[in-house]
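To be precise, the following lines are protein.cif, and they hold mmCIF, C-alpha atoms and all ligand atoms.
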```cif
data_data
loop_
_atom_site.label_atom_id
_atom_site.label_comp_id
_atom_site.auth_asym_id
_atom_site.auth_seq_id
_atom_site.Cartn_x
_atom_site.Cartn_y
_atom_site.Cartn_z
CA MET A 1082 -3.20 27.63 -2.44
CA SER A 1083 -6.72 26.46 -3.21
CA GLY A 1084 -8.62 23.31 -2.36
CA THR A 1085 -9.51 21.76 0.95
CA LEU A 1086 -7.31 19.28 2.76
CA LEU A 1087 -9.51 18.72 5.81
CA ALA A 1088 -13.20 19.58 6.17
CA VAL A 1089 -14.92 19.06 9.50
CA ARG A 1090 -18.72 19.35 9.50
CA GLY A 1091 -21.07 19.05 12.46
CA LEU A 1092 -18.53 17.21 14.58
CA SER A 1093 -19.62 16.40 18.12
CA ALA A 1094 -17.61 14.20 20.45
CA GLY A 1095 -17.17 13.25 24.06
CA TYR A 1096 -16.39 10.64 26.65
CA GLY A 1097 -19.16 8.43 28.07
CA PRO A 1098 -22.08 10.70 28.96
CA LEU A 1099 -19.92 13.84 28.62
CA ARG A 1100 -20.36 15.83 25.43
CA VAL A 1101 -17.27 17.96 24.93
CA LEU A 1102 -17.48 19.13 21.30
CA HIS A 1103 -20.65 20.67 19.88
CA ASP A 1104 -21.21 20.75 16.11
CA ILE A 1105 -17.75 21.86 15.07
CA ASP A 1106 -17.32 23.19 11.52
CA PHE A 1107 -14.02 24.24 9.99
CA SER A 1108 -11.76 23.44 7.11
CA ILE A 1109 -8.14 23.89 6.19
CA ALA A 1110 -6.49 24.24 2.81
CA PRO A 1111 -3.04 23.05 1.72
CA GLY A 1112 -0.40 25.62 2.67
CA GLU A 1113 -2.37 26.96 5.63
CA ARG A 1114 -1.24 27.24 9.23
CA LEU A 1115 -4.28 27.49 11.47
CA ALA A 1116 -4.22 28.24 15.18
CA ILE A 1117 -7.01 27.14 17.52
CA VAL A 1118 -6.79 29.08 20.73
CA GLY A 1119 -8.70 28.51 23.92
CA LEU A 1120 -8.31 28.00 27.62
CA ASN A 1121 -7.55 24.76 29.34
CA GLY A 1122 -10.40 22.23 29.28
CA HIS A 1123 -12.44 23.79 26.44
CA GLY A 1124 -11.94 20.91 24.02
CA LYS A 1125 -8.88 21.59 21.86
CA THR A 1126 -7.27 18.23 22.58
CA THR A 1127 -10.61 16.47 22.14
CA LEU A 1128 -10.93 18.02 18.67
CA PHE A 1129 -7.59 16.55 17.62
CA ARG A 1130 -8.44 13.25 19.24
CA ALA A 1131 -11.77 13.14 17.38
CA ILE A 1132 -10.01 13.76 14.04
CA MET A 1133 -7.71 10.84 14.87
CA GLN A 1134 -10.65 8.70 16.12
CA LEU A 1135 -9.30 8.54 19.63
CA VAL A 1136 -12.36 9.64 21.64
CA GLY A 1137 -15.04 7.58 23.34
CA TRP A 1138 -17.75 8.58 20.88
CA GLN A 1139 -18.24 11.01 18.03
CA ARG A 1140 -20.55 11.90 15.21
CA GLY A 1141 -20.34 14.21 12.22
CA SER A 1142 -18.24 14.34 9.12
CA VAL A 1143 -14.45 14.60 8.88
CA LEU A 1144 -13.28 14.62 5.28
CA PHE A 1145 -9.57 14.28 4.62
CA GLU A 1146 -8.70 14.81 0.95
CA GLY A 1147 -12.35 14.08 0.22
CA LYS A 1148 -12.33 10.75 2.09
CA GLU A 1149 -14.67 10.31 5.05
CA ILE A 1150 -12.69 9.49 8.20
CA GLY A 1151 -15.39 10.61 10.64
CA GLY A 1152 -18.92 9.31 10.95
CA THR A 1153 -20.70 7.96 13.98
CA ARG A 1154 -18.54 5.91 16.32
CA SER A 1155 -19.14 4.89 19.89
CA LEU A 1156 -16.70 2.07 20.52
CA GLY A 1157 -13.11 1.12 19.94
CA GLU A 1158 -11.05 4.25 20.40
CA GLY A 1159 -7.92 3.99 18.32
CA ARG A 1160 -9.23 1.22 16.11
CA TYR A 1161 -9.10 3.36 12.97
CA THR A 1162 -6.19 5.58 14.05
CA PRO A 1163 -3.37 3.67 12.27
CA GLY A 1164 -5.29 3.98 9.00
CA ILE A 1165 -5.77 7.72 9.55
CA VAL A 1166 -2.04 8.12 10.22
CA ARG A 1167 -1.31 6.20 7.01
CA LEU A 1168 -3.59 8.56 5.06
CA GLY A 1169 -1.31 11.41 6.11
CA ILE A 1170 -2.27 13.01 9.43
CA ALA A 1171 0.39 13.28 12.14
CA MET A 1172 -0.46 14.40 15.66
CA THR A 1173 2.02 15.69 18.21
CA PRO A 1174 0.24 15.03 21.49
CA GLN A 1175 0.20 17.42 24.39
CA GLY A 1176 3.00 17.19 26.95
CA ASP A 1177 5.97 14.91 26.88
CA ALA A 1178 4.76 11.94 24.88
CA ILE A 1179 8.22 10.51 24.44
CA PHE A 1180 10.09 7.28 25.11
CA PRO A 1181 12.62 8.26 27.79
CA GLY A 1182 14.90 5.27 27.11
CA LEU A 1183 15.47 6.06 23.42
CA THR A 1184 18.07 8.43 22.05
CA VAL A 1185 17.08 11.55 20.09
CA ARG A 1186 18.03 9.85 16.85
CA GLU A 1187 16.13 6.63 17.62
CA HIS A 1188 13.17 8.68 18.65
CA LEU A 1189 13.08 10.62 15.40
CA ASP A 1190 13.36 7.39 13.43
CA CYS A 1191 10.18 6.14 15.18
CA GLY A 1192 8.31 8.82 13.25
CA ALA A 1193 9.51 7.43 9.92
CA HIS A 1194 7.61 4.18 10.24
CA ALA A 1195 6.07 4.24 6.76
CA LYS A 1196 8.24 2.49 4.14
CA THR A 1197 8.97 5.57 2.03
CA ALA A 1198 9.73 7.70 5.09
CA TRP A 1199 12.06 5.01 6.47
CA ARG A 1200 14.12 4.87 3.28
CA ASP A 1201 14.43 8.64 3.38
CA ARG A 1202 15.04 8.90 7.15
CA THR A 1203 18.60 10.30 7.03
CA ARG A 1204 17.55 13.27 4.90
CA ARG A 1205 14.48 13.81 7.05
CA ARG A 1206 16.55 13.76 10.23
CA GLU A 1207 18.84 16.39 8.73
CA ARG A 1208 15.82 18.60 8.06
CA VAL A 1209 14.73 18.25 11.69
CA TYR A 1210 18.25 19.15 12.87
CA GLN A 1211 18.21 22.24 10.66
CA LEU A 1212 14.98 23.30 12.31
CA PHE A 1213 16.19 22.45 15.82
CA PRO A 1214 20.02 22.74 15.75
CA GLN A 1215 20.11 21.85 19.45
CA LEU A 1216 18.96 18.33 18.61
CA ASP A 1217 21.86 17.83 16.20
CA GLU A 1218 24.27 18.06 19.12
CA LEU A 1219 22.10 15.74 21.19
CA GLN A 1220 21.60 12.96 18.63
CA GLY A 1221 22.99 10.25 20.92
CA ALA A 1222 21.47 11.59 24.16
CA LEU A 1223 18.68 9.76 25.97
CA VAL A 1224 15.46 11.69 25.55
CA GLY A 1225 14.54 11.14 29.22
CA LYS A 1226 17.54 13.27 30.22
CA LEU A 1227 16.66 16.28 28.06
CA SER A 1228 15.07 19.54 29.20
CA GLY A 1229 11.34 20.11 28.67
CA GLY A 1230 11.97 22.34 25.65
CA GLU A 1231 14.31 19.84 24.02
CA ARG A 1232 11.82 17.04 24.58
CA ARG A 1233 9.11 19.10 22.89
CA MET A 1234 11.42 19.61 19.92
CA VAL A 1235 11.95 15.84 19.72
CA SER A 1236 8.21 15.26 19.85
CA ILE A 1237 7.56 17.76 17.02
CA GLY A 1238 10.54 16.41 15.08
CA ARG A 1239 9.11 12.91 15.26
CA ALA A 1240 5.89 14.09 13.57
CA LEU A 1241 7.93 15.81 10.86
CA MET A 1242 9.70 12.54 10.03
CA SER A 1243 6.45 11.04 8.73
CA ASP A 1244 4.79 11.39 5.34
CA ALA A 1245 2.03 13.55 6.76
CA LYS A 1246 0.13 16.15 4.76
CA LEU A 1247 -1.54 17.53 7.87
CA TYR A 1248 0.18 18.14 11.19
CA LEU A 1249 -1.88 18.51 14.35
CA ILE A 1250 0.32 20.07 17.03
CA ASP A 1251 -1.31 20.09 20.44
CA GLU A 1252 -0.21 22.87 22.80
CA PRO A 1253 3.46 22.81 21.89
CA THR A 1254 4.39 25.35 24.56
CA LEU A 1255 2.58 23.78 27.50
CA GLY A 1256 4.76 23.98 30.62
CA LEU A 1257 7.69 25.63 28.85
CA ALA A 1258 9.47 28.81 29.94
CA PRO A 1259 8.47 31.89 27.88
CA LYS A 1260 11.81 32.09 26.05
CA VAL A 1261 11.71 28.41 25.09
CA SER A 1262 8.04 28.71 24.07
CA LYS A 1263 8.98 31.48 21.67
CA ARG A 1264 11.72 29.36 20.11
CA VAL A 1265 9.39 26.39 19.65
CA ILE A 1266 6.71 28.57 18.01
CA GLU A 1267 9.31 30.25 15.79
CA ALA A 1268 10.44 26.84 14.57
CA LEU A 1269 6.84 25.76 13.93
CA VAL A 1270 6.00 28.81 11.87
CA ASN A 1271 9.22 28.44 9.89
CA ILE A 1272 8.50 24.89 8.75
CA PRO A 1273 7.91 25.14 4.99
CA LEU A 1274 4.46 23.69 4.30
CA GLU A 1275 4.76 23.22 0.54
CA GLY A 1276 1.19 22.07 0.05
CA LYS A 1277 0.88 20.56 3.52
CA ALA A 1278 -1.03 22.14 6.38
CA MET A 1279 -0.70 22.57 10.12
CA VAL A 1280 -3.13 23.15 12.99
CA ILE A 1281 -1.61 24.35 16.25
CA THR A 1282 -3.60 24.61 19.49
CA GLU A 1283 -2.47 27.12 22.04
CA GLN A 1284 -3.68 28.87 25.18
CA ASN A 1285 -1.55 31.95 24.68
CA VAL A 1286 -2.99 34.01 21.80
CA ALA A 1287 -0.08 36.45 21.84
CA LEU A 1288 2.43 33.72 21.00
CA LEU A 1289 0.80 32.90 17.66
CA SER A 1290 -0.72 36.22 16.77
CA GLY A 1291 0.70 37.43 13.45
CA ALA A 1292 2.53 34.15 12.83
CA VAL A 1293 -0.22 31.96 11.37
CA SER A 1294 -2.62 32.22 8.44
CA ARG A 1295 -5.76 32.12 10.56
CA MET A 1296 -6.75 31.93 14.18
CA MET A 1297 -9.98 30.51 15.59
CA GLY A 1298 -11.16 30.47 19.18
CA MET A 1299 -12.48 27.46 21.04
CA HIS A 1300 -14.82 28.01 23.95
CA ALA A 1301 -16.86 25.40 25.81
CA GLY A 1302 -16.54 22.91 22.97
CA ARG A 1303 -17.60 25.31 20.23
CA LEU A 1304 -15.41 26.92 17.62
CA ARG A 1305 -15.83 30.64 17.25
CA GLY A 1306 -15.05 32.52 14.06
CA GLU A 1307 -11.75 34.03 13.26
CA VAL A 1308 -10.07 35.92 16.07
CA GLY A 1309 -7.57 37.49 13.74
CA HIS A 1310 -6.43 37.29 10.19
CA VAL A 1311 -3.01 38.04 8.83
CA GLY A 1312 -1.30 37.39 5.57
CA LEU A 1313 1.50 35.16 6.83
CA ALA A 1314 1.41 31.39 6.52
N1 LIG A 1401 -10.44 10.78 28.64
C1 LIG A 1401 -11.35 11.62 29.13
N2 LIG A 1401 -12.42 11.16 29.84
C2 LIG A 1401 -13.36 12.01 30.31
N3 LIG A 1401 -13.32 13.35 30.16
C3 LIG A 1401 -12.28 13.86 29.48
C4 LIG A 1401 -11.25 13.03 28.93
N4 LIG A 1401 -10.36 13.84 28.31
C5 LIG A 1401 -10.81 15.10 28.46
N5 LIG A 1401 -11.97 15.13 29.17
C6 LIG A 1401 -12.75 16.32 29.50
O1 LIG A 1401 -13.10 16.97 28.29
C7 LIG A 1401 -13.04 18.39 28.44
C8 LIG A 1401 -12.17 18.99 27.37
O2 LIG A 1401 -10.83 18.55 27.54
P1 LIG A 1401 -9.68 18.79 26.48
O3 LIG A 1401 -8.46 18.09 26.97
O4 LIG A 1401 -10.17 18.46 25.14
O5 LIG A 1401 -9.49 20.37 26.57
P2 LIG A 1401 -8.31 21.29 26.09
O6 LIG A 1401 -8.92 22.55 25.61
O7 LIG A 1401 -7.41 20.57 25.17
O8 LIG A 1401 -7.55 21.60 27.41
P3 LIG A 1401 -6.20 20.97 27.95
O9 LIG A 1401 -5.22 22.03 27.76
O10 LIG A 1401 -6.50 20.67 29.38
O11 LIG A 1401 -5.95 19.72 27.17
C9 LIG A 1401 -12.57 18.64 29.86
O12 LIG A 1401 -13.73 18.91 30.64
C10 LIG A 1401 -11.95 17.35 30.26
O13 LIG A 1401 -12.06 17.14 31.65
#
```

I'd like the structure from this file rewritten - as structure tokens, please.
Amino acid sequence: MSGTLLAVRGLSAGYGPLRVLHDIDFSIAPGERLAIVGLNGHGKTTLFRAIMQLVGWQRGSVLFEGKEIGGTRSLGEGRYTPGIVRLGIAMTPQGDAIFPGLTVREHLDCGAHAKTAWRDRTRRRERVYQLFPQLDELQGALVGKLSGGERRMVSIGRALMSDAKLYLIDEPTLGLAPKVSKRVIEALVNIPLEGKAMVITEQNVALLSGAVSRMMGMHAGRLRGEVGHVGLA
């Protein structure tokens, strides 16, 4: 598929005096699944947070469907984030960002907060259950009582309930057993993109190798060129 969904140019970002990202450039087209791999602490999460305007300061351009959502900002983390979500970017944060007191079903419905998504929530939930059949059986269970892998599935499922065109999935396998990690990645690479796009960050290159359209490396806040290229999307 041609065209550019997201174009990041000269993006730098950090927290207070700390500069974490240095002049990041990359873009992603509709239909692409891009992996950004790098070790702990090298800036993967900060990159997602900067796209969502959740860092302390940033500068540089972030174009989403041709609209500038970046620019120079130094105050008010999160101030523009709801607008960015409404434009069509959904982020699954690292770790267990869940509401332990809600059931699986209630949790998924939280992701369908836009009007059109809410009206269509039953069908969307079914799609999530197809992707993660385990969750179908756990619809009424409290999310706080689930295993780490199940909670991660809920967290990803919540993002899929939205009207997003771009999914940012931050280290979906963090803290999971190898077998469960494999299942979560398999589900992620099987999600039909149909003109949407996905960026997945990961520390374990082997898990995503051969399963994504492109892979880039992040080291010390800089993106390095492609670390592999395969035909799958
Ligand atoms: N809120 C914050 N305030 C200050 N420094 C931060 C903050 N969040 C992250 N950092 C620092 O920014 C750097 C990059 O962290 P970041 O979380 O983006 O890396 P990462 O590659 O995603 O690794 P991780 O797997 O740990 O999330 C680290 O040195 C980290 O200590």

Problem - For Val1185 (chain A): contacts at 7 Å, all atoms listed in the file, fewer than 4 positions along chain excluded, given as number ranges by chain - result: A: 1189, 1219-1224, 1235

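Proximity of A:Thr1197, A:Gln1139, A:Ser1108, A:Thr1127 to Ala1245 (chain A), computed with all atoms listed in the file, is greatest for A:Thr1197.
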
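For the set A:Met1296, A:Ala1258, A:Val1166, A:Ile1109, the residue with the smallest atom-to-atom gap to Lys1277 (chain A) is A:Ile1109, counting only C-alpha atoms.
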
Each residue of chain A lying at most 6 Å from ligand LIG 1401 (chain A) should get a row with its shortest atom-to-atom pair and the distance in Å to one decimal, counting all atoms listed in the file; could you produce that, ordered by chain and increasing number, as a Markdown table?
```
| residue | atom | partner | partner_atom | distance |
| --- | --- | --- | --- | --- |
| A:Tyr1096 | CA | A:LIG1401 | C2 | 4.9 |
| A:Val1101 | CA | A:LIG1401 | O1 | 5.4 |
| A:Leu1120 | CA | A:LIG1401 | O6 | 5.8 |
| A:Asn1121 | CA | A:LIG1401 | O8 | 3.7 |
| A:Gly1122 | CA | A:LIG1401 | O5 | 3.4 |
| A:His1123 | CA | A:LIG1401 | O6 | 3.8 |
| A:Gly1124 | CA | A:LIG1401 | O4 | 3.2 |
| A:Lys1125 | CA | A:LIG1401 | O7 | 3.8 |
| A:Thr1126 | CA | A:LIG1401 | O7 | 3.5 |
| A:Thr1127 | CA | A:LIG1401 | O4 | 3.6 |
```

Completion exercise
Using all atoms listed in the file, the residue out of A:Gly1230, A:Gly1137, A:Gly1225, A:Gly1192 with shortest distance to Arg1167 (chain A) is A:Gly1192

Exercise for the section: Counting all atoms listed in the file, note down every residue that has an atom within 7 Å of the point (-5.7, 27.2, 7.0) (file coordinates), as a PyMOL selection string. Expected result: chain A and resi 1109-1110+1113-1115+1278+1294-1295

Problem - Non-local contacts of region 1282-1288 of chain A (10 Å; all atoms listed in the file; under 6 positions in same chain excluded) as a PyMOL selection string - result: chain A and resi 1115-1121+1125-1126+1128-1129+1175+1249-1255+1259+1262-1263+1266-1267+1296-1299+1308-1309

Problem - Interatomic distance (Å, one decimal) between CA of Arg1130 (chain A) and CA of Gly1091 (chain A) - result: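 CA of Arg1130 (chain A) sits 15.5 Å away from CA of Gly1091 (chain A).
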